[in-house]
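Coordinates from target-v9.txt are shown below (compact mmCIF, C-alpha atoms (C1' of nucleotides)).
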# COMPACT_ATOMS: atom_id res chain seq x y z
CA MET A 1 7.80 -27.14 6.16
CA SER A 2 5.31 -24.96 4.30
CA ALA A 3 6.14 -22.50 1.54
CA THR A 4 5.39 -19.71 4.00
CA ASP A 5 8.03 -21.04 6.41
CA LEU A 6 10.58 -21.43 3.62
CA ASN A 7 10.14 -17.83 2.53
CA ALA A 8 9.49 -16.35 5.95
CA GLU A 9 12.44 -13.96 5.83
CA THR A 10 11.89 -12.75 2.27
CA THR A 11 9.59 -9.78 1.67
CA ILE A 12 8.73 -7.94 -1.54
CA VAL A 13 7.99 -4.22 -1.18
CA LEU A 14 6.15 -3.01 -4.26
CA ASP A 15 4.58 0.10 -5.74
CA PHE A 16 2.40 0.62 -8.81
CA GLU A 17 2.00 3.77 -10.87
CA THR A 18 -1.35 3.58 -12.62
CA SER A 19 -3.58 5.48 -15.04
CA GLY A 20 -6.09 6.22 -12.24
CA LEU A 21 -7.53 5.09 -8.96
CA SER A 22 -9.65 2.07 -9.73
CA PRO A 23 -9.10 -0.99 -11.92
CA ASP A 24 -12.88 -1.48 -11.79
CA GLN A 25 -13.17 1.76 -13.78
CA GLY A 26 -10.86 0.46 -16.50
CA GLU A 27 -7.66 1.98 -15.13
CA ARG A 28 -4.41 0.08 -15.74
CA ALA A 29 -0.92 -0.21 -14.32
CA ILE A 30 1.71 1.89 -16.13
CA GLU A 31 4.78 1.11 -14.01
CA ILE A 32 5.77 -1.43 -11.37
CA GLY A 33 8.68 -1.09 -8.97
CA ALA A 34 9.73 -3.47 -6.21
CA VAL A 35 12.56 -4.39 -3.92
CA LYS A 36 13.23 -7.84 -2.49
CA LEU A 37 14.29 -7.87 1.17
CA VAL A 38 16.00 -10.87 2.75
CA ASP A 39 16.71 -10.53 6.45
CA GLY A 40 16.38 -6.77 6.20
CA GLU A 41 18.75 -6.38 3.25
CA VAL A 42 17.85 -5.35 -0.31
CA VAL A 43 18.97 -8.26 -2.49
CA ASP A 44 17.13 -7.50 -5.74
CA THR A 45 15.01 -4.84 -7.46
CA PHE A 46 12.43 -4.76 -10.25
CA GLN A 47 11.34 -1.77 -12.31
CA GLN A 48 9.44 -1.63 -15.56
CA LEU A 49 7.22 0.78 -17.42
CA MET A 50 4.35 -0.90 -19.26
CA TYR A 51 2.01 0.12 -22.06
CA PRO A 52 -1.57 0.15 -20.74
CA GLY A 53 -3.26 0.03 -24.11
CA LYS A 54 -4.54 3.60 -23.91
CA ARG A 55 -3.35 7.15 -23.42
CA ILE A 56 -2.97 8.44 -19.85
CA ASN A 57 -4.38 11.82 -18.87
CA SER A 58 -2.35 14.95 -18.13
CA PHE A 59 -2.91 14.69 -14.39
CA ILE A 60 -1.13 11.32 -14.33
CA GLU A 61 1.63 12.62 -16.63
CA ASP A 62 2.23 15.56 -14.27
CA TYR A 63 1.85 13.51 -11.08
CA THR A 64 4.27 10.72 -12.06
CA GLY A 65 6.46 12.36 -14.68
CA ILE A 66 5.62 9.38 -16.90
CA SER A 67 4.54 10.63 -20.35
CA ASN A 68 2.53 8.98 -23.09
CA ASN A 69 5.71 9.20 -25.15
CA MET A 70 7.59 7.13 -22.56
CA LEU A 71 4.83 4.49 -22.51
CA LYS A 72 4.53 4.29 -26.30
CA ASN A 73 7.53 1.98 -26.66
CA ALA A 74 7.13 0.12 -23.35
CA PRO A 75 6.19 -3.58 -23.38
CA PRO A 76 2.49 -4.29 -22.74
CA CYS A 77 1.16 -4.86 -19.21
CA GLU A 78 0.65 -8.56 -19.91
CA GLU A 79 4.34 -9.16 -20.73
CA VAL A 80 5.61 -7.17 -17.75
CA MET A 81 3.16 -8.70 -15.32
CA ARG A 82 4.15 -12.24 -16.33
CA GLU A 83 7.74 -11.39 -15.44
CA PHE A 84 6.70 -9.64 -12.23
CA SER A 85 4.49 -12.56 -11.25
CA ASP A 86 7.60 -14.77 -11.32
CA PHE A 87 9.56 -12.16 -9.29
CA ILE A 88 7.06 -12.14 -6.41
CA ASP A 89 6.01 -15.79 -6.56
CA GLY A 90 5.56 -17.24 -3.09
CA PHE A 91 6.76 -14.20 -1.11
CA ASN A 92 5.01 -11.92 1.34
CA LEU A 93 4.19 -8.46 0.05
CA VAL A 94 4.26 -4.92 1.45
CA ALA A 95 2.91 -1.68 -0.01
CA HIS A 96 2.02 1.79 1.25
CA ASN A 97 -1.78 1.79 1.31
CA ALA A 98 -1.74 -1.87 0.28
CA SER A 99 -5.44 -1.98 -0.54
CA PHE A 100 -4.69 0.20 -3.58
CA ASP A 101 -1.73 -1.83 -4.90
CA SER A 102 -3.33 -5.20 -4.14
CA ARG A 103 -6.40 -4.27 -6.21
CA PHE A 104 -4.22 -3.40 -9.23
CA LEU A 105 -1.96 -6.43 -8.70
CA ASP A 106 -4.94 -8.78 -8.59
CA ALA A 107 -6.61 -7.10 -11.59
CA GLU A 108 -3.49 -7.20 -13.77
CA LEU A 109 -2.70 -10.82 -12.80
CA ARG A 110 -6.31 -11.83 -13.50
CA ARG A 111 -5.88 -10.55 -17.07
CA ILE A 112 -3.05 -13.06 -17.62
CA GLN A 113 -4.79 -15.89 -15.78
CA ARG A 114 -2.45 -15.77 -12.83
CA ASN A 115 -2.78 -14.98 -9.13
CA GLN A 116 -0.50 -14.54 -6.17
CA GLN A 117 -0.59 -16.42 -2.89
CA GLY A 118 1.54 -14.08 -0.77
CA GLU A 119 0.18 -12.26 2.25
CA PHE A 120 -0.08 -8.45 2.04
CA ALA A 121 0.89 -6.02 4.80
CA CYS A 122 0.21 -2.27 4.66
CA SER A 123 3.00 0.11 5.72
CA MET A 124 0.51 2.99 5.98
CA LEU A 125 -1.78 1.24 8.49
CA ILE A 126 1.26 0.15 10.50
CA ALA A 127 2.78 3.66 10.37
CA ARG A 128 -0.44 5.08 11.84
CA ARG A 129 0.19 2.83 14.87
CA VAL A 130 3.98 3.09 15.13
CA TYR A 131 4.21 6.83 14.35
CA PRO A 132 0.90 8.26 15.66
CA ASP A 133 2.47 11.70 16.06
CA ALA A 134 3.60 12.10 12.43
CA PRO A 135 2.05 15.17 10.70
CA ASN A 136 0.26 12.72 8.38
CA HIS A 137 0.94 9.26 7.00
CA LYS A 138 1.64 9.96 3.35
CA LEU A 139 4.78 8.16 2.19
CA GLY A 140 6.65 11.39 1.41
CA THR A 141 5.82 12.91 4.79
CA LEU A 142 6.98 9.80 6.67
CA VAL A 143 10.24 9.74 4.67
CA ARG A 144 10.96 13.32 5.73
CA TYR A 145 9.66 12.81 9.30
CA LYS A 146 11.97 9.84 9.90
CA ARG A 147 14.77 11.21 7.65
CA LEU A 148 14.76 8.04 5.57
CA PRO A 149 17.15 7.65 2.61
CA ASN A 150 15.81 9.01 -0.68
CA ASP A 151 17.11 10.64 -3.86
CA GLY A 152 14.35 13.24 -4.11
CA THR A 153 12.30 11.23 -6.59
CA PHE A 154 8.65 10.74 -5.64
CA HIS A 155 5.73 9.06 -7.42
CA ARG A 156 7.91 6.76 -9.49
CA ALA A 157 7.51 3.07 -8.81
CA LEU A 158 11.06 2.01 -7.91
CA ALA A 159 11.81 5.13 -5.86
CA ASP A 160 8.55 4.79 -3.92
CA SER A 161 9.08 1.08 -3.32
CA GLN A 162 12.62 1.78 -2.06
CA MET A 163 11.36 4.48 0.32
CA THR A 164 8.57 2.16 1.49
CA ALA A 165 11.20 -0.53 2.15
CA HIS A 166 13.21 1.91 4.27
CA LEU A 167 10.03 2.83 6.15
CA TRP A 168 9.20 -0.85 6.66
CA LEU A 169 12.69 -1.58 8.05
CA ALA A 170 12.64 1.55 10.25
CA MET A 171 9.32 0.47 11.79
CA ILE A 172 10.60 -3.07 12.39
CA ASN A 173 13.68 -1.60 14.06
CA GLU A 174 11.56 0.72 16.21
CA ILE A 175 9.34 -2.16 17.35
CA LYS A 176 12.29 -4.49 17.90
CA THR A 177 14.06 -1.96 20.12
CA SER A 178 11.04 -0.66 22.01
CA PHE A 179 9.52 -4.05 22.80
CA SER A 180 12.67 -6.21 22.96
CA PHE A 181 11.87 -8.60 20.14
CA ARG A 182 14.63 -10.97 18.99
CA HIS A 183 13.21 -10.43 15.53
CA VAL A 184 9.88 -9.06 14.31
CA PRO A 185 8.14 -11.62 12.05
CA PHE A 186 6.07 -10.56 9.06
CA ASN A 187 2.89 -11.93 10.60
CA VAL A 188 3.35 -9.71 13.69
CA MET A 189 3.61 -6.65 11.41
CA GLN A 190 0.56 -7.82 9.51
CA GLN A 191 -1.47 -8.37 12.70
CA LEU A 192 -0.31 -4.98 13.98
CA SER A 193 -2.03 -3.30 11.04
CA ARG A 194 -5.31 -4.86 12.21
CA THR A 195 -4.84 -4.09 15.91
CA THR A 196 -6.92 -1.29 17.38
CA LYS A 197 -4.73 1.69 18.21
CA SER A 198 -5.52 1.46 21.92
CA SER A 199 -4.24 -2.12 22.13
CA VAL A 200 -1.02 -1.74 20.06
CA SER A 201 1.26 -1.64 23.10
CA HIS A 202 -0.44 -4.60 24.79
CA PHE A 203 -0.29 -6.64 21.55
CA LEU A 204 3.43 -6.00 20.98
CA HIS A 205 4.39 -6.69 24.61
CA ARG A 206 2.50 -10.00 24.45
CA GLU A 207 4.07 -11.05 21.13
CA ALA A 208 7.58 -10.14 22.34
CA LYS A 209 7.03 -12.10 25.55
CA ASN A 210 5.84 -15.15 23.59
CA GLN A 211 9.18 -15.11 21.74
CA ARG A 212 11.24 -15.48 24.88
C1' DT B 1 -27.43 11.96 -19.64
C1' DG B 2 -24.95 11.56 -15.72
C1' DC B 3 -22.15 9.20 -12.97
C1' DC B 4 -17.57 7.73 -11.73
C1' DA B 5 -12.88 3.83 -5.78
C1' DG B 6 -12.60 1.62 -1.69
C1' DG B 7 -11.00 0.34 2.87
C1' DC B 8 -9.70 2.17 7.29
C1' DC B 9 -10.69 5.01 11.13
C1' DC B 10 -12.52 8.74 14.05
C1' DT B 11 -16.50 10.75 16.15
C1' DC B 12 -20.79 15.12 17.35
C1' DT B 13 -21.13 6.63 15.99
C1' DT B 14 -23.42 1.88 15.08
C1' DT B 15 -30.49 3.74 11.68
C1' DA B 16 -23.74 7.95 9.46
C1' DG B 17 -20.67 11.06 7.63
C1' DG B 18 -16.38 12.51 6.32
C1' DG B 19 -11.14 12.64 6.26
C1' DC B 20 -7.12 9.99 5.07
C1' DC B 21 -4.33 7.43 1.69
C1' DT B 22 -3.14 5.39 -2.96
C1' DT B 23 -2.89 7.20 -8.92

Once you've parsed the file, please lay out its structure as structure tokens.
Amino acid sequence: MSATDLNAETTIVLDFETSGLSPDQGERAIEIGAVKLVDGEVVDTFQQLMYPGKRINSFIEDYTGISNNMLKNAPPCEEVMREFSDFIDGFNLVAHNASFDSRFLDAELRRIQRNQQGEFACSMLIARRVYPDAPNHKLGTLVRYKRLPNDGTFHRALADSQMTAHLWLAMINEIKTSFSFRHVPFNVMQQLSRTTKSSVSHFLHREAKNQR
DNA sequence: TGCCAGGCCCTCTTTAGGGCCTT
């Protein structure tokens, strides 16, 4: 049995707050939040501010509510990322607009000579297919549109990862019910994000049928 | 000095442009 099979039912939903949009432009992670899902249940969480080695600008302070003062005494990125690397080791990963979080994850892990082997799935690309009629596919909009649990906190890493986890589970539930899956495997969700919108229904009917 | 993300997706498309998402 491969590592993927062993961990097939465990998924990490993660969210980074960062000093900007691109690690290639020298931007760094300032907070990581994540929840660990096993068979659709939250079994563990991770949240940590981290000192990025530079001051963050006022836009980021306003956007996240994370101040330079809060970061001043936080452990450095390298220390936090070593711990987080152990937390996610071997598991599949989910993020809202995963291309953004995967770039920062890879960049921060590269700085500590680590990498991650898990597969990434993007809740935003999947939401565009599962909820085509939503006003838009921002995380906050989808949370309100589907009345998902939240405590009113947005743009903080743990809160966003928790809301993304609820979105992920709501989409799995929707697909499971609508297409009569026994269960919806991670790789079906991942493939769904790459399926053209016109063939979503055909793809899910075929995958559900293959399960029977 | 001046510049500054990148991948997906739609369309008035593919010899391209621009909106959506993430901070």

Please return as an MDAnalysis selection string every residue within 8 Å of (5.5, -4.9, -2.8), taking into account all atoms listed in the file and the file's own coordinates. chainID A and resid 11:15 33:35 93:95 161

Requested write-out: C-alpha atoms of the selected residues, as a PDB file, in the frame of the given file:
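Writing done, so here's out.pdb:
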ATOM      1  CA  THR A  11       9.590  -9.780   1.670  1.00  0.00           C
ATOM      2  CA  ILE A  12       8.730  -7.940  -1.540  1.00  0.00           C
ATOM      3  CA  VAL A  13       7.990  -4.220  -1.180  1.00  0.00           C
ATOM      4  CA  LEU A  14       6.150  -3.010  -4.260  1.00  0.00           C
ATOM      5  CA  ASP A  15       4.580   0.100  -5.740  1.00  0.00           C
ATOM      6  CA  GLY A  33       8.680  -1.090  -8.970  1.00  0.00           C
ATOM      7  CA  ALA A  34       9.730  -3.470  -6.210  1.00  0.00           C
ATOM      8  CA  VAL A  35      12.560  -4.390  -3.920  1.00  0.00           C
ATOM      9  CA  LEU A  93       4.190  -8.460   0.050  1.00  0.00           C
ATOM     10  CA  VAL A  94       4.260  -4.920   1.450  1.00  0.00           C
ATOM     11  CA  ALA A  95       2.910  -1.680  -0.010  1.00  0.00           C
ATOM     12  CA  SER A 161       9.080   1.080  -3.320  1.00  0.00           C
TER      13      SER A 161
END

Only residues of chain B matter here; which ones have an atom within 12 Å of chain A, counting all atoms listed in the file? Give them as a VMD selection string. chain B and resid 3 to 10 19 to 23

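Take CA of Met50 in chain A and CA of Ile30 in chain A: the distance between them is 5.0 Å.
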
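Neighbouring residues of Gln190 in chain A at 8 Å or closer, counting all atoms listed in the file and skipping chain neighbours under 2 positions away, are Phe120, Ala121, Cys122, Phe186, Asn187, Val188, Leu192, Ser193 and Arg194 of chain A.
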
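Here CA of Glu9 in chain A is placed at a distance of 7.9 Å from CA of Pro185 in chain A.
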
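Minimum atom-to-atom distance to Phe84 in chain A, evaluated using all atoms listed in the file, belongs to A:Gln47 out of A:Ser180, A:Gln47, A:Gln162, A:Gln191.
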
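Separating CA of Ala127 in chain A from CA of Leu148 in chain A is a distance of 13.6 Å.
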
How big is the axis-aligned box around all listed atoms of range 5-23 of chain B once 6 Å goes on each side, and where's its centre, in Å to one decimal, as AutoDock Vina command-line options?
--center_x -16.7 --center_y 7.7 --center_z 4.2 --size_x 39.6 --size_y 26.8 --size_z 38.3

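Across A:Val130, A:Leu105, A:Ile32, A:Val200, the tightest approach to Ala159 in chain A is made by A:Ile32 when counting all atoms listed in the file.
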
Have range 91-102 of chain A completed to all heavy atoms, please, and pass it along as a tab-separated table (two decimals), keeping the file's coordinate frame.
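Full text of part-v1.tsv as output:
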chain	number	residue	atom	x	y	z
A	91	PHE	N	6.24	-15.06	-2.17
A	91	PHE	CA	6.76	-14.20	-1.11
A	91	PHE	C	5.66	-13.32	-0.51
A	91	PHE	O	4.66	-13.01	-1.15
A	91	PHE	CB	7.88	-13.31	-1.65
A	91	PHE	CG	9.05	-14.09	-2.20
A	91	PHE	CD1	9.47	-13.90	-3.50
A	91	PHE	CD2	9.71	-15.03	-1.41
A	91	PHE	CE1	10.55	-14.62	-4.01
A	91	PHE	CE2	10.79	-15.75	-1.90
A	91	PHE	CZ	11.20	-15.55	-3.21
A	92	ASN	N	5.91	-12.89	0.71
A	92	ASN	CA	5.01	-11.92	1.34
A	92	ASN	C	5.23	-10.54	0.75
A	92	ASN	O	6.33	-10.22	0.30
A	92	ASN	CB	5.25	-11.90	2.85
A	92	ASN	CG	4.78	-13.18	3.51
A	92	ASN	OD1	3.79	-13.77	3.08
A	92	ASN	ND2	5.49	-13.61	4.54
A	93	LEU	N	4.18	-9.74	0.75
A	93	LEU	CA	4.19	-8.46	0.05
A	93	LEU	C	3.89	-7.30	0.98
A	93	LEU	O	3.10	-7.44	1.93
A	93	LEU	CB	3.14	-8.48	-1.07
A	93	LEU	CG	3.22	-9.66	-2.04
A	93	LEU	CD1	1.99	-9.68	-2.96
A	93	LEU	CD2	4.50	-9.58	-2.86
A	94	VAL	N	4.50	-6.14	0.69
A	94	VAL	CA	4.26	-4.92	1.45
A	94	VAL	C	4.03	-3.78	0.47
A	94	VAL	O	4.71	-3.70	-0.56
A	94	VAL	CB	5.48	-4.57	2.34
A	94	VAL	CG1	5.30	-3.19	2.99
A	94	VAL	CG2	5.69	-5.62	3.42
A	95	ALA	N	3.08	-2.91	0.77
A	95	ALA	CA	2.91	-1.68	-0.01
A	95	ALA	C	2.35	-0.60	0.89
A	95	ALA	O	1.77	-0.89	1.94
A	95	ALA	CB	1.97	-1.91	-1.19
A	96	HIS	N	2.55	0.68	0.49
A	96	HIS	CA	2.02	1.79	1.25
A	96	HIS	C	0.60	2.08	0.78
A	96	HIS	O	0.41	2.50	-0.36
A	96	HIS	CB	2.91	3.03	1.07
A	96	HIS	CG	2.72	4.03	2.18
A	96	HIS	ND1	3.14	3.78	3.48
A	96	HIS	CD2	2.14	5.24	2.20
A	96	HIS	CE1	2.83	4.82	4.24
A	96	HIS	NE2	2.22	5.73	3.49
A	97	ASN	N	-0.35	1.85	1.66
A	97	ASN	CA	-1.78	1.79	1.31
A	97	ASN	C	-2.01	0.55	0.43
A	97	ASN	O	-2.41	0.66	-0.73
A	97	ASN	CB	-2.27	3.06	0.63
A	97	ASN	CG	-3.79	3.18	0.67
A	97	ASN	OD1	-4.46	2.43	1.39
A	97	ASN	ND2	-4.33	4.10	-0.11
A	98	ALA	N	-1.76	-0.60	1.02
A	98	ALA	CA	-1.74	-1.87	0.28
A	98	ALA	C	-3.07	-2.18	-0.40
A	98	ALA	O	-3.08	-2.89	-1.41
A	98	ALA	CB	-1.35	-3.01	1.22
A	99	SER	N	-4.16	-1.66	0.09
A	99	SER	CA	-5.44	-1.98	-0.54
A	99	SER	C	-5.46	-1.47	-1.98
A	99	SER	O	-6.06	-2.08	-2.86
A	99	SER	CB	-6.62	-1.41	0.25
A	99	SER	OG	-6.67	-0.01	0.15
A	100	PHE	N	-4.77	-0.35	-2.23
A	100	PHE	CA	-4.69	0.20	-3.58
A	100	PHE	C	-3.85	-0.72	-4.48
A	100	PHE	O	-4.30	-1.14	-5.55
A	100	PHE	CB	-4.08	1.60	-3.54
A	100	PHE	CG	-3.83	2.20	-4.89
A	100	PHE	CD1	-4.84	2.87	-5.56
A	100	PHE	CD2	-2.59	2.07	-5.51
A	100	PHE	CE1	-4.62	3.41	-6.82
A	100	PHE	CE2	-2.36	2.60	-6.77
A	100	PHE	CZ	-3.38	3.27	-7.43
A	101	ASP	N	-2.62	-1.03	-4.05
A	101	ASP	CA	-1.73	-1.83	-4.90
A	101	ASP	C	-2.23	-3.26	-5.06
A	101	ASP	O	-2.07	-3.85	-6.13
A	101	ASP	CB	-0.32	-1.80	-4.30
A	101	ASP	CG	0.31	-0.43	-4.40
A	101	ASP	OD1	0.85	-0.09	-5.46
A	101	ASP	OD2	0.22	0.34	-3.43
A	102	SER	N	-2.85	-3.82	-4.03
A	102	SER	CA	-3.33	-5.20	-4.14
A	102	SER	C	-4.48	-5.30	-5.14
A	102	SER	O	-4.60	-6.30	-5.85
A	102	SER	CB	-3.75	-5.75	-2.77
A	102	SER	OG	-4.90	-5.11	-2.30
